[in-house]
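The next block is target.cif, given as mmCIF, C-alpha atoms.
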```
data_structure
#
loop_
_atom_site.label_atom_id
_atom_site.label_comp_id
_atom_site.auth_asym_id
_atom_site.auth_seq_id
_atom_site.Cartn_x
_atom_site.Cartn_y
_atom_site.Cartn_z
CA MET B 25 105.14 112.13 126.35
CA THR B 26 103.36 113.98 123.54
CA TRP B 27 99.62 113.98 122.97
CA TRP B 28 99.91 111.82 119.88
CA GLU B 29 102.07 109.24 121.68
CA ALA B 30 99.40 109.02 124.39
CA ILE B 31 96.70 108.46 121.76
CA ILE B 32 98.75 105.80 119.95
CA LEU B 33 99.30 103.90 123.19
CA GLY B 34 95.60 104.22 124.05
CA ILE B 35 94.56 102.84 120.68
CA VAL B 36 96.97 99.93 121.00
CA GLU B 37 95.67 99.19 124.51
CA GLY B 38 92.01 99.30 123.50
CA LEU B 39 92.38 97.24 120.33
CA THR B 40 94.41 94.48 121.99
CA GLU B 41 93.12 94.30 125.59
CA TYR B 42 90.21 91.94 124.98
CA LEU B 43 91.56 90.15 121.92
CA PRO B 44 93.78 87.10 122.63
CA VAL B 45 96.90 88.84 121.33
CA SER B 46 98.34 90.45 124.52
CA SER B 47 97.85 94.16 125.15
CA THR B 48 100.86 94.28 127.49
CA GLY B 49 103.11 92.73 124.87
CA HIS B 50 101.94 95.16 122.21
CA LEU B 51 102.33 98.11 124.56
CA ILE B 52 105.88 97.10 125.53
CA VAL B 53 106.89 96.90 121.86
CA THR B 54 105.10 100.17 121.02
CA GLN B 55 106.71 101.97 123.96
CA ARG B 56 110.16 100.79 122.90
CA ALA B 57 109.48 101.95 119.35
CA LEU B 58 108.48 105.39 120.68
CA GLY B 59 111.46 105.56 123.03
CA LEU B 60 109.30 105.52 126.18
CA GLU B 61 110.76 103.45 129.03
CA GLY B 62 110.94 103.43 132.80
CA GLN B 63 108.56 103.29 135.74
CA ALA B 64 106.39 106.17 134.53
CA ALA B 65 105.90 104.57 131.10
CA ASP B 66 105.07 101.18 132.61
CA ALA B 67 102.54 102.79 134.97
CA PHE B 68 100.97 104.69 132.08
CA ALA B 69 100.49 101.48 130.10
CA ILE B 70 98.61 99.93 133.03
CA CYS B 71 96.56 102.97 134.05
CA ILE B 72 95.08 103.63 130.59
CA GLN B 73 93.35 100.26 130.99
CA ALA B 74 90.69 102.34 132.74
CA GLY B 75 89.32 103.24 129.31
CA ALA B 76 89.05 99.59 128.29
CA ILE B 77 87.30 98.80 131.58
CA VAL B 78 84.65 101.45 130.95
CA ALA B 79 84.12 100.05 127.43
CA VAL B 80 83.17 96.58 128.68
CA LEU B 81 81.12 97.97 131.56
CA GLY B 82 79.01 99.76 128.97
CA LEU B 83 78.76 96.89 126.50
CA TYR B 84 77.96 94.27 129.15
CA TRP B 85 76.03 96.44 131.56
CA LYS B 86 73.15 93.93 131.83
CA ARG B 87 75.50 91.19 133.04
CA VAL B 88 77.29 93.57 135.41
CA ARG B 89 73.97 94.74 136.81
CA GLN B 90 72.76 91.16 137.14
CA ALA B 91 75.81 90.26 139.25
CA ALA B 92 75.41 93.40 141.36
CA VAL B 93 71.72 92.69 142.00
CA GLY B 94 72.55 89.10 142.90
CA TRP B 95 75.07 90.12 145.53
CA ALA B 96 72.85 92.92 146.82
CA GLY B 97 70.10 90.38 147.42
CA LYS B 98 72.45 88.24 149.53
CA VAL B 99 73.06 91.10 151.95
CA GLY B 100 69.39 92.06 152.07
CA VAL B 101 69.45 95.35 150.15
CA GLY B 102 67.65 94.24 147.01
CA PRO B 103 65.44 91.60 145.39
CA GLY B 104 68.40 89.39 144.51
CA ASP B 105 69.17 87.26 141.46
CA ALA B 106 70.42 83.69 141.92
CA ASP B 107 72.15 83.50 138.54
CA GLY B 108 73.65 86.94 139.09
CA PHE B 109 75.03 85.93 142.48
CA ARG B 110 76.63 82.80 141.01
CA LEU B 111 78.15 84.84 138.19
CA GLY B 112 79.61 87.31 140.68
CA LEU B 113 80.91 84.44 142.84
CA HIS B 114 82.58 82.79 139.86
CA LEU B 115 84.21 86.07 138.83
CA LEU B 116 85.55 86.46 142.36
CA VAL B 117 86.88 82.88 142.45
CA ALA B 118 88.54 83.31 139.03
CA PHE B 119 90.13 86.59 140.14
CA LEU B 120 91.63 85.32 143.42
CA PRO B 121 94.67 83.43 142.01
CA ALA B 122 95.91 86.52 140.15
CA ALA B 123 95.10 88.72 143.14
CA ALA B 124 97.32 86.52 145.32
CA LEU B 125 100.25 86.15 142.92
CA GLY B 126 100.19 89.52 141.15
CA PRO B 127 101.59 91.74 143.93
CA LEU B 128 104.18 89.10 144.84
CA LEU B 129 105.54 88.70 141.30
CA ASP B 130 105.03 92.23 139.92
CA ASP B 131 108.57 93.53 140.41
CA ALA B 132 110.26 90.33 139.24
CA ILE B 133 108.08 90.15 136.12
CA GLU B 134 108.79 93.76 135.15
CA ALA B 135 112.52 93.26 135.69
CA ARG B 136 112.87 90.02 133.72
CA LEU B 137 110.01 89.76 131.23
CA PHE B 138 109.19 93.32 130.13
CA ASN B 139 111.30 93.24 126.97
CA PRO B 140 110.69 92.51 123.27
CA THR B 141 112.45 89.14 123.28
CA MET B 142 110.25 87.69 126.02
CA VAL B 143 107.19 89.20 124.35
CA ALA B 144 108.07 87.55 121.03
CA VAL B 145 108.53 84.15 122.71
CA ALA B 146 105.17 84.39 124.48
CA LEU B 147 103.38 85.57 121.34
CA PHE B 148 104.75 82.63 119.36
CA VAL B 149 103.98 79.97 121.96
CA GLY B 150 100.49 81.39 122.55
CA GLY B 151 99.84 81.55 118.82
CA VAL B 152 100.72 77.90 118.34
CA ALA B 153 98.52 77.00 121.33
CA ILE B 154 95.52 78.82 119.81
CA ILE B 155 95.95 77.03 116.48
CA VAL B 156 96.24 73.63 118.18
CA VAL B 157 93.16 74.20 120.38
CA ASP B 158 91.12 75.46 117.44
CA ARG B 159 92.00 72.40 115.35
CA TRP B 160 91.29 70.09 118.29
CA LYS B 161 87.88 71.66 118.81
CA ARG B 162 87.01 71.38 115.11
CA ALA B 163 88.17 67.75 114.96
CA LYS B 164 86.16 66.90 118.07
CA ALA B 165 83.04 68.50 116.59
CA LYS B 166 83.38 66.43 113.41
CA ARG B 167 83.50 63.20 115.43
CA GLU B 168 80.26 64.03 117.21
CA PRO B 169 76.99 62.89 115.58
CA TRP B 170 75.45 66.34 115.93
CA GLY B 171 78.49 68.29 114.79
CA GLU B 172 79.08 71.70 116.32
CA LYS B 173 75.88 71.56 118.42
CA ALA B 174 77.22 68.59 120.35
CA ASP B 175 80.31 70.60 121.20
CA ALA B 176 78.46 73.74 122.23
CA GLY B 177 79.59 73.60 125.84
CA ARG B 178 77.96 75.16 128.89
CA SER B 179 76.49 78.61 129.25
CA LEU B 180 77.52 80.97 132.06
CA GLU B 181 74.47 79.79 134.02
CA GLY B 182 75.79 76.22 133.87
CA MET B 183 79.28 77.16 135.03
CA THR B 184 80.66 75.63 138.25
CA THR B 185 82.99 77.06 140.89
CA MET B 186 85.74 74.60 139.95
CA MET B 187 85.51 75.70 136.32
CA ALA B 188 85.92 79.31 137.45
CA LEU B 189 88.94 78.38 139.57
CA GLY B 190 90.54 76.59 136.63
CA ILE B 191 90.13 79.68 134.45
CA GLY B 192 91.57 81.83 137.23
CA ILE B 193 94.65 79.64 137.58
CA LEU B 194 95.25 79.78 133.83
CA GLN B 195 94.86 83.57 133.91
CA CYS B 196 97.98 83.73 136.09
CA VAL B 197 100.06 82.45 133.16
CA ALA B 198 99.22 85.73 131.41
CA MET B 199 101.43 87.61 133.86
CA TRP B 200 104.13 86.83 131.30
CA PRO B 201 103.83 89.77 128.85
CA GLY B 202 102.88 88.55 125.41
CA THR B 203 100.86 85.59 126.68
CA SER B 204 97.52 87.47 126.85
CA ARG B 205 95.02 87.41 129.68
CA SER B 206 92.21 87.07 127.14
CA LEU B 207 93.94 84.11 125.49
CA MET B 208 94.31 82.20 128.74
CA THR B 209 90.77 82.90 129.95
CA ILE B 210 89.04 82.22 126.62
CA VAL B 211 90.97 79.03 125.87
CA GLY B 212 90.73 78.08 129.53
CA GLY B 213 86.97 78.54 129.44
CA VAL B 214 86.66 76.29 126.39
CA LEU B 215 88.93 73.64 127.96
CA VAL B 216 86.91 73.49 131.20
CA GLY B 217 83.68 73.03 129.24
CA LEU B 218 82.18 76.44 128.42
CA SER B 219 80.91 77.23 124.96
CA LEU B 220 83.12 79.61 123.01
CA ALA B 221 80.54 82.40 123.35
CA ALA B 222 80.31 81.89 127.13
CA ALA B 223 84.09 81.70 127.47
CA VAL B 224 84.48 84.99 125.60
CA GLU B 225 81.81 86.71 127.70
CA PHE B 226 83.31 85.44 130.94
CA SER B 227 86.75 86.56 129.78
CA PHE B 228 85.46 90.08 129.16
CA LEU B 229 83.75 90.26 132.55
CA LEU B 230 86.72 88.78 134.40
CA GLY B 231 88.87 91.33 132.59
CA VAL B 232 86.92 94.14 134.20
CA VAL B 233 87.64 92.78 137.69
CA THR B 234 91.29 91.95 137.00
CA LEU B 235 92.11 95.15 135.13
CA LEU B 236 90.37 97.29 137.73
CA ALA B 237 92.51 95.74 140.46
CA ALA B 238 95.72 96.03 138.41
CA THR B 239 94.98 99.65 137.49
CA ALA B 240 94.24 100.61 141.09
CA TYR B 241 97.39 98.83 142.32
CA LYS B 242 99.63 100.49 139.77
CA ALA B 243 98.02 103.91 140.26
CA ILE B 244 98.75 103.73 143.98
CA ASP B 245 102.23 102.26 143.52
CA ALA B 246 103.57 104.44 140.69
CA GLY B 247 100.81 106.94 139.89
CA PRO B 248 102.61 109.93 141.41
CA VAL B 249 105.73 109.17 139.37
CA MET B 250 103.65 108.93 136.19
CA VAL B 251 101.81 112.20 136.84
CA GLU B 252 105.06 114.00 137.66
CA ALA B 253 106.66 112.76 134.44
CA TYR B 254 103.74 113.23 132.02
CA GLY B 255 100.99 115.24 133.72
CA TRP B 256 97.27 114.42 133.56
CA TRP B 257 96.42 115.16 129.91
CA PRO B 258 98.28 112.19 128.37
CA MET B 259 96.50 109.90 130.84
CA ILE B 260 93.11 111.34 129.91
CA LEU B 261 93.79 111.18 126.16
CA GLY B 262 95.16 107.65 126.38
CA SER B 263 92.18 106.42 128.40
CA VAL B 264 89.65 107.94 126.00
CA ALA B 265 91.46 106.41 123.03
CA ALA B 266 91.53 103.05 124.83
CA TRP B 267 87.79 103.26 125.51
CA ALA B 268 86.87 104.05 121.89
CA SER B 269 89.14 101.40 120.36
CA ALA B 270 88.09 98.76 122.93
CA VAL B 271 84.42 99.27 122.04
CA LEU B 272 85.24 98.67 118.37
CA ALA B 273 87.46 95.66 119.09
CA VAL B 274 84.97 93.92 121.38
CA ARG B 275 82.05 94.43 119.00
CA TRP B 276 84.12 93.13 116.08
CA MET B 277 85.36 90.10 118.00
CA VAL B 278 81.90 89.07 119.21
CA GLY B 279 80.53 89.35 115.69
CA TYR B 280 83.49 87.53 114.15
CA LEU B 281 83.38 84.57 116.54
CA LYS B 282 79.71 83.91 115.78
CA SER B 283 80.74 82.31 112.50
CA HIS B 284 84.51 81.79 112.79
CA GLY B 285 86.99 80.08 115.09
CA ILE B 286 89.88 81.63 117.01
CA ALA B 287 92.64 80.40 114.70
CA ILE B 288 93.06 83.84 113.08
CA PHE B 289 94.44 85.16 116.36
CA GLY B 290 96.96 82.32 116.50
CA TYR B 291 98.27 83.08 113.02
CA TYR B 292 98.45 86.78 113.85
CA ARG B 293 100.47 86.09 117.00
CA VAL B 294 102.95 83.89 115.14
CA ALA B 295 103.36 86.58 112.47
CA ALA B 296 103.78 89.32 115.11
CA ALA B 297 106.41 87.23 116.91
CA ALA B 298 108.31 86.81 113.64
CA VAL B 299 108.24 90.56 112.96
CA ILE B 300 109.53 91.38 116.45
CA ALA B 301 112.27 88.74 116.11
CA VAL B 302 113.41 90.32 112.85
CA LEU B 303 113.44 93.79 114.43
CA ILE B 304 115.52 92.47 117.32
CA ALA B 305 117.93 90.77 114.90
CA VAL B 306 118.52 93.99 112.92
CA GLY B 307 119.07 95.99 116.10
CA PHE B 308 115.85 98.03 116.11
CA PHE B 309 115.09 96.76 119.62
CA SER B 310 117.59 96.11 122.36
CA ASP B 311 116.80 94.28 125.58
#
```

With the file now loaded, output its structure as structure tokens.
Amino acid sequence: MTWWEAIILGIVEGLTEYLPVSSTGHLIVTQRALGLEGQAADAFAICIQAGAIVAVLGLYWKRVRQAAVGWAGKVGVGPGDADGFRLGLHLLVAFLPAAALGPLLDDAIEARLFNPTMVAVALFVGGVAIIVVDRWKRAKAKREPWGEKADAGRSLEGMTTMMALGIGILQCVAMWPGTSRSLMTIVGGVLVGLSLAAAVEFSFLLGVVTLLAATAYKAIDAGPVMVEAYGWWPMILGSVAAWASAVLAVRWMVGYLKSHGIAIFGYYRVAAAAVIAVLIAVGFFSD
């Protein structure tokens, strides 16, 4: 792997990790386009998520600290924070379904679903789902006497454990590359009753927990193979590129969603699926 290939993959990872467009799907397609395949390449794509994790830890440090203080208070090593403890508990509950299924399904998923065709299918289906949910939400708001305010949904402080579990179960669907972890957790958050802003914030925070676990698992499982094949510098460059691009993507998305819906991501996914399908048809990609 060259230095510029590492940077390209890092940029793709950072830009797509927290947007509902599937970072894994984009990385699979980008890797195929660059001619990078195999266990080392798959491990690299997972491990550079470390940069995206650091990005959200920095941007949402107050929330992360709040959860840490809340849990510290429960074990008697700090002043505590009731809302922070509940937030941490809900993140844990939402993480558990993926933690249980991920290791069991990892090999089967990589063998059967890590290819452009499956990515294109997931991108298309997820894109249609986003468009449908966005239109449903807008139609529901119009029927309410107070418009959008009546459809605001709950804040993170008003979230329940069952809501967190529902989001966690939906996150498992994103094990199919191309589906998008962010898509399932954001849409899932809205469907269980969170406001869009709260669903996005919870998705980002849950992403830190989930990605940290996935990165650690893959580093232990295939890290030595990756380092032997590529060395350390591509990993460092890719992670830094992922951090920088994730910061930009998250800031843009938060600003965009303050005055827009999520439909744009649905249309993008449908278009991306069409492009990949065309490339498969002309023989650019082979499964």

Would you translate the PyMOL selection byres ((chain B and resi 149) around 10) into the concrete set of residues it matches in this file, as a list in words? Ala144, Val145, Ala146, Leu147, Phe148, Gly150, Gly151, Val152, Ala153, Ile154, Gly202, Thr203, Gly290, Arg293, Val294 and Ala297 of chain B

Run the PyMOL selection byres ((chain B and resi 197) around 12) against the file shown and list the residues it catches, as a count of residues only. 29

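The closest residue to B:Ala124, picked from B:Met187, B:Val88, B:Leu229, B:Ala237 and counting all atoms listed in the file, is B:Ala237.
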
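Near (112.0, 94.8, 130.1), the residues that fall inside 10 Å on the basis of all atoms listed in the file are Ile52, Val53, Arg56, Glu61, Gly62, Asp66, Ile133, Glu134, Ala135, Arg136, Leu137, Phe138, Asn139, Pro140, Thr141, Met142, Val143, Pro201, Ser310 and Asp311 of chain B.
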
Go ahead and save the picked residues with C-alpha atoms, as a PDB file, in the coordinates of the input.
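Result went into part34.pdb, see below:
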```
ATOM      1  CA  ILE B  52     105.880  97.100 125.530  1.00  0.00           C
ATOM      2  CA  VAL B  53     106.890  96.900 121.860  1.00  0.00           C
ATOM      3  CA  ARG B  56     110.160 100.790 122.900  1.00  0.00           C
ATOM      4  CA  GLU B  61     110.760 103.450 129.030  1.00  0.00           C
ATOM      5  CA  GLY B  62     110.940 103.430 132.800  1.00  0.00           C
ATOM      6  CA  ASP B  66     105.070 101.180 132.610  1.00  0.00           C
ATOM      7  CA  ILE B 133     108.080  90.150 136.120  1.00  0.00           C
ATOM      8  CA  GLU B 134     108.790  93.760 135.150  1.00  0.00           C
ATOM      9  CA  ALA B 135     112.520  93.260 135.690  1.00  0.00           C
ATOM     10  CA  ARG B 136     112.870  90.020 133.720  1.00  0.00           C
ATOM     11  CA  LEU B 137     110.010  89.760 131.230  1.00  0.00           C
ATOM     12  CA  PHE B 138     109.190  93.320 130.130  1.00  0.00           C
ATOM     13  CA  ASN B 139     111.300  93.240 126.970  1.00  0.00           C
ATOM     14  CA  PRO B 140     110.690  92.510 123.270  1.00  0.00           C
ATOM     15  CA  THR B 141     112.450  89.140 123.280  1.00  0.00           C
ATOM     16  CA  MET B 142     110.250  87.690 126.020  1.00  0.00           C
ATOM     17  CA  VAL B 143     107.190  89.200 124.350  1.00  0.00           C
ATOM     18  CA  PRO B 201     103.830  89.770 128.850  1.00  0.00           C
ATOM     19  CA  SER B 310     117.590  96.110 122.360  1.00  0.00           C
ATOM     20  CA  ASP B 311     116.800  94.280 125.580  1.00  0.00           C
TER      21      ASP B 311
END
```

From the options B:Pro258, B:Gly285, B:Gly177, B:Gly108, which residue's atoms come nearest to B:Arg159, counting all atoms listed in the file?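 The shortest atom-to-atom distance to B:Arg159 comes from B:Gly285.
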
Explicit residues for the PyMOL selection byres ((chain B and resi 248-255) around 12) (as JSON, numbers by chain): {"B": [25, 26, 27, 29, 30, 60, 61, 62, 63, 64, 65, 66, 67, 68, 69, 70, 71, 72, 242, 243, 244, 245, 246, 247, 256, 257, 258, 259, 260, 261, 262]}

Identify which of the residues B:Ala92, B:Val278, B:Ala106, B:Val78 lies closest to B:Leu43, counting all atoms listed in the file when measuring atom-to-atom distances.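 The answer is B:Val278, which sits nearest to B:Leu43.
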
Residues at most 6 Å from stretch 31-37 of chain B, counting only C-alpha atoms, excluding those fewer than 4 positions away in the same chain, as a PyMOL selection string? chain B and resi 41+47+261-263+265-266+269

Smallest atom-to-atom distance to B:Thr40: which of B:Ile210, B:Met277, B:Ala240, B:Ala295, using all atoms listed in the file?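 Smallest distance to B:Thr40 is found for B:Met277.
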
Mind giving me the straight-line distance from atom CA of B:Lys98 to atom CA of B:Arg110 in Å, one decimal? 10.9 Å

For B:Thr234, find every residue with an atom within 7 Å (counting only C-alpha atoms), except residues of its own chain fewer than 4 positions away, and show them as JSON, numbers by chain. {"B": [119, 230, 238]}
